[in-house]
Amino acid sequence: MKKYHFIFFLLLIQFTFAAFATKPFRFALFSDTHISPTNSHPTEDLQHAVNDVNSLKNIDFVLVSGDVSNLGDTVSLKIARKLLQNLKMPYYVIPGNHDIKWNEPNAGNFKKIFRDDKFIFGHNGFEFIGFTTAPLTKSSNGIILQTDIDWMKKVLEKTGKSKPVFVVTHYPLLPGDVDNGKDMIDVLQKFNVKAVLNGHYHRNVLLNYDGIPGIVNRSTLRGNNAIGGYSLYTISDSIIVSEKRIGQPEEVWLALPLELNK
């Protein structure tokens, strides 16, 4: 009888390891930095965020989820790039509606300065994919280009249905934010997408995209407060999201179970 108990115990250990066999890791997320050549506060807030992240241990990379600049101008985007290049770890950036409006002449500035408006990379068994949501004009909702929806399909098909994926974009994929967000959600639901990480709202919010968690993150801007901040993610058998105010301890505001065997 003891022999069977021991075998069961070994099988339980093996199942648990298979289900959660990932090395825990951490990353930071900056959003809505809104760098402007006429306002020094956003630049100061981003510099403080960069310095703060650099002072932490075990931060593997930084995601930047759009509205890097306030007007999409080359001066602001270059200031942001220079500040982000001071990070001690890699960073991955996508534009937001303030950076790109599809029908305006400066729509190409972001790609010229940051080399692309999408990203894809792997880390500790996860895939991270960022893409652009942007309006046609200043007053319109965001849209996702059909070419980007097709690109996402190809990327996810290559990634496969078992590999866990985090998706990053600026707008939340909701009606009223992105007109064709449901088209992208329909694609994401066919794969192992664990969460979609967004900005745009300048505050921490948990959304639901037909069963896929949508995690909206605070801005780096100080707003009416004395200091700004950013988000910290810890990935293990859970997705733990903390708000990190500059120079202060992080405060967990969200914890979601992460089932890696699905």
# chains A, B, ... in the order shown; residues from 1 in each chain; ligands from 1

$ residues_around --residues "Lys82 of chain A" --least-positions-apart "6" --cutoff "12 Å" --atoms "only C-alpha atoms" --output "compact mmCIF listing (two decimals) with C-alpha atoms, in the first residue's frame"
# COMPACT_ATOMS: atom_id res chain seq x y z
CA ILE A 35 6.51 63.18 -23.80
CA THR A 43 10.04 63.77 -19.42
CA LEU A 46 9.74 58.89 -17.51
CA GLN A 47 13.31 59.55 -16.35
CA VAL A 50 13.71 54.48 -15.81
CA VAL A 75 11.43 65.69 -31.10
CA SER A 76 9.29 64.03 -28.41
CA ILE A 113 12.51 56.37 -34.75
CA PHE A 114 11.70 53.02 -33.08

$ residues_around --residues "segment 230-246 of chain A" --least-positions-apart "4" --cutoff "10 Å" --atoms "only C-alpha atoms" --output "ChimeraX atom specification"
/A:19-33,45-46,48-53,59,62-63,124,194-195,203-204,215-222,226,250-260

$ select_by_dssp --residues "segment 41-177 of chain A" --states "strand (DSSP E)" --output "PyMOL selection string"
chain A and resi 62-65+91-94+119-123+126-130+134-135+142-143+165-168

$ closest_atom_pairs --of "segment 66-129 of chain A" --to "segment 169-179 of chain A" --cutoff "10 Å" --atoms "only C-alpha atoms" --output "JSON lines"
{"residue": "A:Gly66", "atom": "CA", "partner": "A:His170", "partner_atom": "CA", "distance": 5.2}
{"residue": "A:Asp67", "atom": "CA", "partner": "A:His170", "partner_atom": "CA", "distance": 7.6}
{"residue": "A:Val93", "atom": "CA", "partner": "A:Thr169", "partner_atom": "CA", "distance": 9.5}
{"residue": "A:Ile94", "atom": "CA", "partner": "A:Thr169", "partner_atom": "CA", "distance": 7.0}
{"residue": "A:Pro95", "atom": "CA", "partner": "A:His170", "partner_atom": "CA", "distance": 7.0}
{"residue": "A:Gly96", "atom": "CA", "partner": "A:His170", "partner_atom": "CA", "distance": 5.3}
{"residue": "A:Asn97", "atom": "CA", "partner": "A:His170", "partner_atom": "CA", "distance": 7.8}
{"residue": "A:Lys118", "atom": "CA", "partner": "A:Thr169", "partner_atom": "CA", "distance": 9.1}
{"residue": "A:Ile129", "atom": "CA", "partner": "A:Thr169", "partner_atom": "CA", "distance": 8.7}

$ write_last_selection --atoms "N, CA and C atoms" --output "CSV table (one decimal), in the first residue's frame"
chain,number,residue,atom,x,y,z
A,66,GLY,N,2.4,52.3,-25.5
A,66,GLY,CA,1.9,53.4,-26.3
A,66,GLY,C,1.6,54.7,-25.7
A,67,ASP,N,1.3,55.7,-26.5
A,67,ASP,CA,1.2,57.1,-26.2
A,67,ASP,C,2.5,57.5,-25.6
A,93,VAL,N,8.5,48.4,-27.5
A,93,VAL,CA,7.6,49.5,-27.5
A,93,VAL,C,6.6,49.5,-28.7
A,94,ILE,N,5.4,49.9,-28.4
A,94,ILE,CA,4.4,50.1,-29.5
A,94,ILE,C,3.8,51.5,-29.4
A,95,PRO,N,3.2,52.0,-30.4
A,95,PRO,CA,2.6,53.3,-30.4
A,95,PRO,C,1.2,53.3,-29.9
A,96,GLY,N,0.7,54.5,-29.5
A,96,GLY,CA,-0.7,54.7,-29.1
A,96,GLY,C,-1.3,55.7,-30.0
A,97,ASN,N,-2.5,56.1,-29.7
A,97,ASN,CA,-3.3,57.1,-30.5
A,97,ASN,C,-2.6,58.4,-30.6
A,118,LYS,N,5.4,47.2,-34.1
A,118,LYS,CA,5.0,45.9,-33.6
A,118,LYS,C,6.2,45.2,-33.0
A,129,ILE,N,3.7,39.5,-27.8
A,129,ILE,CA,3.4,40.0,-29.1
A,129,ILE,C,2.7,41.4,-28.9

$ select_by_dssp --residues "segment 17-253 of chain A" --states "alpha helix (DSSP H)" --output "PyMOL selection string"
chain A and resi 17-19+40-54+74-84+109-114+146-159+181-188

$ closest_residue --among "A:Val193, A:Ile79, A:Leu84, A:Ala107" --to "Val168 of chain A" --atoms "only C-alpha atoms"
A:Val193

$ atom_distance --atom1 "atom CA of Pro90 of chain A" --atom2 "atom CA of His123 of chain A"
11.7 Å

$ closest_residue --among "A:Ile227, A:Ile212, A:Leu207, A:Val165" --to "Ile120 of chain A" --atoms "only C-alpha atoms"
A:Val165

$ residues_around --residues "Met152 of chain A" --least-positions-apart "4" --cutoff "12 Å" --atoms "only C-alpha atoms" --output "PyMOL selection string"
chain A and resi 118-120+128-132+144-148+156-159+165+167-168+183-188+190-191

$ closest_residue --among "A:Ser162, A:Asn103, A:Asn180, A:Asn70" --to "Leu136 of chain A" --atoms "only C-alpha atoms"
A:Asn103

$ closest_residue --among "A:Ser55, A:Ser139, A:Asn208, A:Ser69" --to "Phe110 of chain A" --atoms "only C-alpha atoms"
A:Ser69
